[in-house]
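One file, model.pdb, carrying PDB, C-alpha atoms:
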MODEL        1
ATOM      1  CA  ALA A   1      -8.576 -14.207  -7.511
ATOM      2  CA  GLN A   2      -8.363 -10.492  -7.004
ATOM      3  CA  SER A   3      -5.883  -8.586  -9.116
ATOM      4  CA  VAL A   4      -5.088  -5.050 -10.181
ATOM      5  CA  THR A   5      -3.512  -3.974 -13.443
ATOM      6  CA  GLN A   6      -1.913  -0.639 -14.070
ATOM      7  CA  PRO A   7      -0.996  -0.846 -17.744
ATOM      8  CA  ASP A   8       1.192   2.257 -17.815
ATOM      9  CA  ILE A   9       4.540   1.849 -16.108
ATOM     10  CA  HIS A  10       5.697   5.391 -16.812
ATOM     11  CA  ILE A  11       3.807   8.492 -17.946
ATOM     12  CA  THR A  12       5.237  11.871 -18.808
ATOM     13  CA  VAL A  13       3.112  15.007 -18.985
ATOM     14  CA  SER A  14       3.737  18.716 -19.180
ATOM     15  CA  GLU A  15       2.860  20.896 -16.247
ATOM     16  CA  GLY A  16      -0.680  22.204 -16.669
ATOM     17  CA  ALA A  17      -1.766  19.321 -18.860
ATOM     18  CA  SER A  18      -4.525  16.929 -17.885
ATOM     19  CA  LEU A  19      -3.737  13.488 -16.506
ATOM     20  CA  GLU A  20      -5.408  10.117 -16.532
ATOM     21  CA  LEU A  21      -3.849   7.062 -14.904
ATOM     22  CA  ARG A  22      -5.445   3.759 -15.734
ATOM     23  CA  CYS A  23      -6.410   1.011 -13.332
ATOM     24  CA  ASN A  24      -8.261  -2.211 -14.069
ATOM     25  CA  TYR A  25      -9.257  -4.678 -11.401
ATOM     26  CA  SER A  26     -10.475  -8.221 -11.226
ATOM     27  CA  TYR A  27     -12.864  -9.084  -8.444
ATOM     28  CA  GLY A  28     -16.092 -11.060  -8.356
ATOM     29  CA  ALA A  29     -18.162  -8.776  -6.173
ATOM     30  CA  THR A  30     -18.274  -5.060  -5.534
ATOM     31  CA  PRO A  31     -14.713  -4.028  -4.839
ATOM     32  CA  TYR A  32     -13.349  -1.418  -2.542
ATOM     33  CA  LEU A  33     -10.905   0.642  -4.577
ATOM     34  CA  PHE A  34      -8.103   2.966  -3.609
ATOM     35  CA  TRP A  35      -5.488   5.208  -5.121
ATOM     36  CA  TYR A  36      -2.269   5.909  -3.238
ATOM     37  CA  VAL A  37       0.589   8.222  -4.099
ATOM     38  CA  GLN A  38       4.213   7.764  -3.107
ATOM     39  CA  SER A  39       6.611  10.657  -3.515
ATOM     40  CA  PRO A  40      10.298   9.813  -3.875
ATOM     41  CA  GLY A  41      11.674   8.471  -0.628
ATOM     42  CA  GLN A  42       8.338   8.794   1.087
ATOM     43  CA  GLY A  43       5.611   6.522   2.368
ATOM     44  CA  LEU A  44       2.156   5.951   0.954
ATOM     45  CA  GLN A  45      -0.512   8.622   1.028
ATOM     46  CA  LEU A  46      -4.147   7.836   0.347
ATOM     47  CA  LEU A  47      -5.527  10.007  -2.454
ATOM     48  CA  LEU A  48      -9.069   8.687  -2.565
ATOM     49  CA  LYS A  49     -11.204   5.603  -2.134
ATOM     50  CA  TYR A  50     -14.424   4.135  -3.458
ATOM     51  CA  PHE A  51     -16.769   1.934  -1.480
ATOM     52  CA  SER A  52     -20.233   2.523  -2.906
ATOM     53  CA  GLY A  53     -22.581   5.240  -4.090
ATOM     54  CA  ASP A  54     -21.486   7.963  -6.459
ATOM     55  CA  THR A  55     -19.086   6.477  -8.966
ATOM     56  CA  LEU A  56     -17.114   9.702  -9.275
ATOM     57  CA  VAL A  57     -14.939  10.105  -6.225
ATOM     58  CA  GLN A  58     -13.140  13.257  -5.218
ATOM     59  CA  GLY A  59      -9.832  13.065  -3.419
ATOM     60  CA  ILE A  60      -7.090  15.233  -2.110
ATOM     61  CA  LYS A  61      -4.759  17.404  -4.164
ATOM     62  CA  GLY A  62      -7.384  17.931  -6.865
ATOM     63  CA  PHE A  63      -7.547  14.291  -7.937
ATOM     64  CA  GLU A  64     -10.688  12.381  -8.807
ATOM     65  CA  ALA A  65     -11.415   8.850  -9.937
ATOM     66  CA  GLU A  66     -14.342   7.222 -11.661
ATOM     67  CA  PHE A  67     -15.525   3.703 -10.946
ATOM     68  CA  LYS A  68     -16.858   1.961 -14.053
ATOM     69  CA  ARG A  69     -18.197  -1.458 -13.217
ATOM     70  CA  SER A  70     -18.815  -2.391 -16.852
ATOM     71  CA  GLN A  71     -15.149  -1.810 -17.653
ATOM     72  CA  SER A  72     -13.747  -2.991 -14.305
ATOM     73  CA  SER A  73     -11.857   0.258 -14.153
ATOM     74  CA  PHE A  74     -11.052   2.919 -11.615
ATOM     75  CA  ASN A  75      -9.041   5.543 -13.478
ATOM     76  CA  LEU A  76      -7.462   8.467 -11.709
ATOM     77  CA  ARG A  77      -7.700  11.940 -13.227
ATOM     78  CA  LYS A  78      -6.516  15.450 -12.647
ATOM     79  CA  PRO A  79      -7.426  18.366 -14.911
ATOM     80  CA  SER A  80      -4.154  20.265 -14.510
ATOM     81  CA  VAL A  81      -0.962  18.655 -13.285
ATOM     82  CA  HIS A  82       1.532  20.458 -11.079
ATOM     83  CA  TRP A  83       5.241  19.699 -10.917
ATOM     84  CA  SER A  84       4.733  18.510  -7.328
ATOM     85  CA  ASP A  85       2.501  15.695  -8.608
ATOM     86  CA  ALA A  86       5.551  13.841  -9.890
ATOM     87  CA  ALA A  87       5.477  10.593  -7.942
ATOM     88  CA  GLU A  88       4.497   6.963  -8.192
ATOM     89  CA  TYR A  89       0.816   6.124  -8.091
ATOM     90  CA  PHE A  90      -0.660   2.854  -6.937
ATOM     91  CA  CYS A  91      -4.149   1.525  -7.445
ATOM     92  CA  ALA A  92      -5.362  -1.072  -4.942
ATOM     93  CA  VAL A  93      -8.410  -3.230  -4.353
ATOM     94  CA  ALA A  94      -9.793  -4.793  -1.191
ATOM     95  CA  GLY A  95     -12.460  -7.435  -1.115
ATOM     96  CA  ASN A  96     -14.145  -8.822   1.941
ATOM     97  CA  THR A  97     -10.946  -8.852   3.962
ATOM     98  CA  ASP A  98      -8.517  -6.201   5.112
ATOM     99  CA  LYS A  99      -5.926  -7.289   2.574
ATOM    100  CA  LEU A 100      -5.076  -4.796  -0.124
ATOM    101  CA  ILE A 101      -4.023  -6.017  -3.554
ATOM    102  CA  PHE A 102      -1.835  -3.430  -5.238
ATOM    103  CA  GLY A 103      -1.079  -2.762  -8.854
ATOM    104  CA  THR A 104       2.516  -2.468  -9.950
ATOM    105  CA  GLY A 105       2.385   1.311  -9.994
ATOM    106  CA  THR A 106       2.651   4.124 -12.537
ATOM    107  CA  ARG A 107       5.504   6.553 -12.304
ATOM    108  CA  LEU A 108       4.498  10.082 -13.277
ATOM    109  CA  GLN A 109       7.047  12.523 -14.557
ATOM    110  CA  VAL A 110       6.089  16.175 -15.015
ATOM    111  CA  PHE A 111       7.956  18.487 -17.364
ATOM    112  CA  PRO A 112       7.882  22.255 -16.851
TER
ATOM    113  CA  GLU B   1      -2.617  11.474  16.407
ATOM    114  CA  ALA B   2      -3.434   8.179  14.737
ATOM    115  CA  GLN B   3      -0.278   6.622  13.451
ATOM    116  CA  VAL B   4       1.716   3.543  12.636
ATOM    117  CA  THR B   5       5.369   3.675  13.566
ATOM    118  CA  GLN B   6       8.186   1.505  12.301
ATOM    119  CA  ASN B   7      11.763   1.131  13.431
ATOM    120  CA  PRO B   8      14.340   1.309  12.158
ATOM    121  CA  ARG B   9      13.657   3.432   9.093
ATOM    122  CA  TYR B  10      16.863   2.355   7.397
ATOM    123  CA  LEU B  11      18.899  -0.771   7.968
ATOM    124  CA  ILE B  12      21.935  -2.245   6.286
ATOM    125  CA  THR B  13      22.882  -5.715   7.389
ATOM    126  CA  VAL B  14      24.760  -8.786   6.237
ATOM    127  CA  THR B  15      23.477 -12.120   5.080
ATOM    128  CA  GLY B  16      22.416 -14.382   7.906
ATOM    129  CA  LYS B  17      22.334 -11.858  10.714
ATOM    130  CA  LYS B  18      18.959 -12.002  12.393
ATOM    131  CA  LEU B  19      17.004  -8.780  12.535
ATOM    132  CA  THR B  20      13.657  -7.471  13.702
ATOM    133  CA  VAL B  21      11.681  -4.561  12.336
ATOM    134  CA  THR B  22       9.208  -3.239  14.857
ATOM    135  CA  CYS B  23       5.750  -1.931  14.094
ATOM    136  CA  SER B  24       3.354  -0.263  16.482
ATOM    137  CA  GLN B  25      -0.070   1.335  16.066
ATOM    138  CA  ASN B  26      -2.025   3.498  18.486
ATOM    139  CA  MET B  27      -5.525   3.024  17.057
ATOM    140  CA  ASN B  28      -6.465  -0.253  18.720
ATOM    141  CA  HIS B  29      -6.862  -1.894  15.307
ATOM    142  CA  GLU B  30      -7.293  -5.628  15.218
ATOM    143  CA  TYR B  31      -5.871  -6.169  11.738
ATOM    144  CA  MET B  32      -2.217  -5.525  10.988
ATOM    145  CA  SER B  33      -0.054  -6.539   8.083
ATOM    146  CA  TRP B  34       3.359  -6.295   6.494
ATOM    147  CA  TYR B  35       4.054  -5.500   2.871
ATOM    148  CA  ARG B  36       7.204  -5.343   0.850
ATOM    149  CA  GLN B  37       7.633  -3.019  -2.087
ATOM    150  CA  ASP B  38       9.902  -3.850  -4.987
ATOM    151  CA  PRO B  39      10.371  -1.964  -8.269
ATOM    152  CA  GLY B  40       7.932  -3.119 -10.904
ATOM    153  CA  LEU B  41       6.072  -5.360  -8.471
ATOM    154  CA  GLY B  42       4.128  -2.903  -6.362
ATOM    155  CA  LEU B  43       3.392  -3.872  -2.771
ATOM    156  CA  ARG B  44       2.900  -7.471  -1.802
ATOM    157  CA  GLN B  45       1.595  -8.737   1.499
ATOM    158  CA  ILE B  46       4.052 -10.788   3.562
ATOM    159  CA  TYR B  47       2.064 -11.671   6.670
ATOM    160  CA  TYR B  48      -1.021 -10.440   8.394
ATOM    161  CA  SER B  49      -2.652 -10.706  11.798
ATOM    162  CA  MET B  50      -6.345 -10.531  12.538
ATOM    163  CA  ASN B  51      -5.862 -10.201  16.268
ATOM    164  CA  VAL B  52      -3.559 -11.081  19.137
ATOM    165  CA  GLU B  53      -1.974 -14.502  18.619
ATOM    166  CA  VAL B  54      -3.685 -14.855  15.225
ATOM    167  CA  THR B  55      -1.340 -14.580  12.257
ATOM    168  CA  ASP B  56      -1.297 -15.980   8.745
ATOM    169  CA  LYS B  57       0.756 -15.953   5.590
ATOM    170  CA  GLY B  58       0.278 -13.422   2.884
ATOM    171  CA  ASP B  59       1.528 -13.739  -0.666
ATOM    172  CA  VAL B  60       5.285 -13.738  -0.041
ATOM    173  CA  PRO B  61       5.939 -15.170   3.444
ATOM    174  CA  GLU B  62       9.115 -17.159   2.744
ATOM    175  CA  GLY B  63      12.021 -16.068   4.917
ATOM    176  CA  TYR B  64       9.919 -14.060   7.336
ATOM    177  CA  LYS B  65       8.299 -14.575  10.697
ATOM    178  CA  VAL B  66       5.893 -12.460  12.689
ATOM    179  CA  SER B  67       4.352 -12.439  16.120
ATOM    180  CA  ARG B  68       1.404 -10.671  17.685
ATOM    181  CA  LYS B  69       1.619 -10.817  21.434
ATOM    182  CA  GLU B  70       0.025  -7.436  21.981
ATOM    183  CA  LYS B  71      -2.624  -5.719  19.943
ATOM    184  CA  ARG B  72      -0.529  -2.657  19.207
ATOM    185  CA  ASN B  73       2.678  -4.389  18.096
ATOM    186  CA  PHE B  74       3.415  -6.554  15.082
ATOM    187  CA  PRO B  75       7.153  -7.117  14.583
ATOM    188  CA  LEU B  76       8.620  -8.586  11.414
ATOM    189  CA  ILE B  77      11.477 -11.004  11.964
ATOM    190  CA  LEU B  78      14.087 -12.067   9.444
ATOM    191  CA  GLU B  79      15.911 -14.946  11.063
ATOM    192  CA  SER B  80      18.499 -15.345   8.317
ATOM    193  CA  PRO B  81      18.280 -12.442   5.896
ATOM    194  CA  SER B  82      19.371 -12.896   2.312
ATOM    195  CA  PRO B  83      20.077 -10.328  -0.418
ATOM    196  CA  ASN B  84      16.740 -11.036  -2.099
ATOM    197  CA  GLN B  85      15.063  -9.563   0.984
ATOM    198  CA  THR B  86      16.539  -6.184   0.199
ATOM    199  CA  SER B  87      13.385  -4.135  -0.137
ATOM    200  CA  LEU B  88      11.193  -1.384   1.243
ATOM    201  CA  TYR B  89       8.904  -2.674   3.969
ATOM    202  CA  PHE B  90       5.627  -1.190   5.109
ATOM    203  CA  CYS B  91       3.593  -2.054   8.151
ATOM    204  CA  ALA B  92      -0.120  -1.291   8.100
ATOM    205  CA  SER B  93      -3.118  -1.467  10.386
ATOM    206  CA  SER B  94      -6.735  -1.303   9.365
ATOM    207  CA  PHE B  95     -10.340  -1.586  10.392
ATOM    208  CA  TRP B  96     -13.800  -1.862   8.891
ATOM    209  CA  THR B  97     -16.673   0.124  10.307
ATOM    210  CA  GLY B  98     -20.157   0.729   9.003
ATOM    211  CA  GLY B  99     -19.221  -0.036   5.424
ATOM    212  CA  SER B 100     -16.107   2.073   5.548
ATOM    213  CA  TYR B 101     -12.552   0.914   5.586
ATOM    214  CA  GLU B 102      -9.418   2.638   6.740
ATOM    215  CA  GLN B 103      -5.877   1.447   6.338
ATOM    216  CA  TYR B 104      -2.945   3.281   7.836
ATOM    217  CA  PHE B 105       0.590   2.710   6.647
ATOM    218  CA  GLY B 106       3.798   3.218   8.505
ATOM    219  CA  PRO B 107       6.581   5.356   7.006
ATOM    220  CA  GLY B 108       8.493   2.371   5.663
ATOM    221  CA  THR B 109      11.758   0.620   6.460
ATOM    222  CA  ARG B 110      14.395   0.414   3.780
ATOM    223  CA  LEU B 111      16.391  -2.764   4.266
ATOM    224  CA  THR B 112      19.586  -3.631   2.466
ATOM    225  CA  VAL B 113      21.089  -7.091   2.893
ATOM    226  CA  THR B 114      24.640  -7.488   1.603
TER
ENDMDL
END
Would you mind writing the file out in structure tokens?
Amino acid sequence: AQSVTQPDIHITVSEGASLELRCNYSYGATPYLFWYVQSPGQGLQLLLKYFSGDTLVQGIKGFEAEFKRSQSSFNLRKPSVHWSDAAEYFCAVAGNTDKLIFGTGTRLQVFP
Amino acid sequence: EAQVTQNPRYLITVTGKKLTVTCSQNMNHEYMSWYRQDPGLGLRQIYYSMNVEVTDKGDVPEGYKVSRKEKRNFPLILESPSPNQTSLYFCASSFWTGGSYEQYFGPGTRLTVT
């Protein structure tokens, strides 16, 4: 069965520091992988997605993610975090259907 | 503008009082779904529809009903709401094309059942 694990429930970083949010997935074939961000009181915004090809994916707001098949991971990174990045981040996987399986989310707090 | 709309955005109701949350998309997508979001659990699929008159259960369907009489609309029905259905609900529509996949989410409906 497909599943997504986000091992970090809550991460705190200082503004300007680098960020890496972890995501591990379980899926038998090549997965389609997504990162979404949800600001407080807001809906979901797609940051980036991976379907095939280059394993390093660039997204919006300066985020990138790297697909590593050998580690079943799709970690999200940003070289320098801004206070406006404080939000909850969700990793998701889709298989051969339109259903998205979401991780439980990582809440990012940014200190000035 | 491509969008998924939901109404109402906020709803407070009492146990047992039937309610409907509407969802509409303007992209002619065949696939639509409902998710609920709860703290520490992420988003979980409630029901989905692959086309008009074709619906099926997701991971947490208990206490919910859906219908798909038109392609653009996919209402979520709670016939007898209970407090454990207090949650944030998202409607979504999606499509696959040429190896690409797009999923659009509505703005969410925050439901409180007292």
Take atom CA of Ser24 of chain B and atom CA of Gln37 of chain B and report the distance between them in Å, one decimal.
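Distance reported for this atom pair: 19.3 Å.
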To test your reading of the syntax: which residues would the PyMOL selection byres ((chain B and resi 94) around 8) return for the file shown? Reply as a PyMOL selection string.
(chain A and resi 98) or (chain B and resi 29-32+92-93+95-96+101-104)
Evaluate the ChimeraX specification (/A :<7) & /B here and jot the selected residues down as a tab-separated table (two decimals) with C-alpha atoms, keeping the file's coordinate frame.
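Written out: out-v4.tsv:
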chain	number	residue	atom	x	y	z
B	40	GLY	CA	7.93	-3.12	-10.90
B	41	LEU	CA	6.07	-5.36	-8.47
B	42	GLY	CA	4.13	-2.90	-6.36
B	43	LEU	CA	3.39	-3.87	-2.77
B	94	SER	CA	-6.74	-1.30	9.36
B	105	PHE	CA	0.59	2.71	6.65
B	107	PRO	CA	6.58	5.36	7.01
B	108	GLY	CA	8.49	2.37	5.66
Could you work out an axis-aligned box for segment 30-33 of chain A, taking every atom the file lists and adding 6 Å on each side, and report centre and edge lengths in Å to one decimal, as AutoDock Vina command-line options?
--center_x -14.6 --center_y -2.2 --center_z -4.0 --size_x 19.4 --size_y 17.7 --size_z 15.0
For atom CA of Ile12 of chain B and atom CA of Gln25 of chain B, the interatomic separation in Å (one decimal):
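Answer for the atom CA of Ile12 of chain B to atom CA of Gln25 of chain B separation: 24.3 Å.
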Selection dump of the PyMOL selection byres ((chain B and resi 82) around 7), as a list in words:
Thr15, Gly16, Ser80, Pro81, Pro83, Asn84, Gln85 and Val113 of chain B
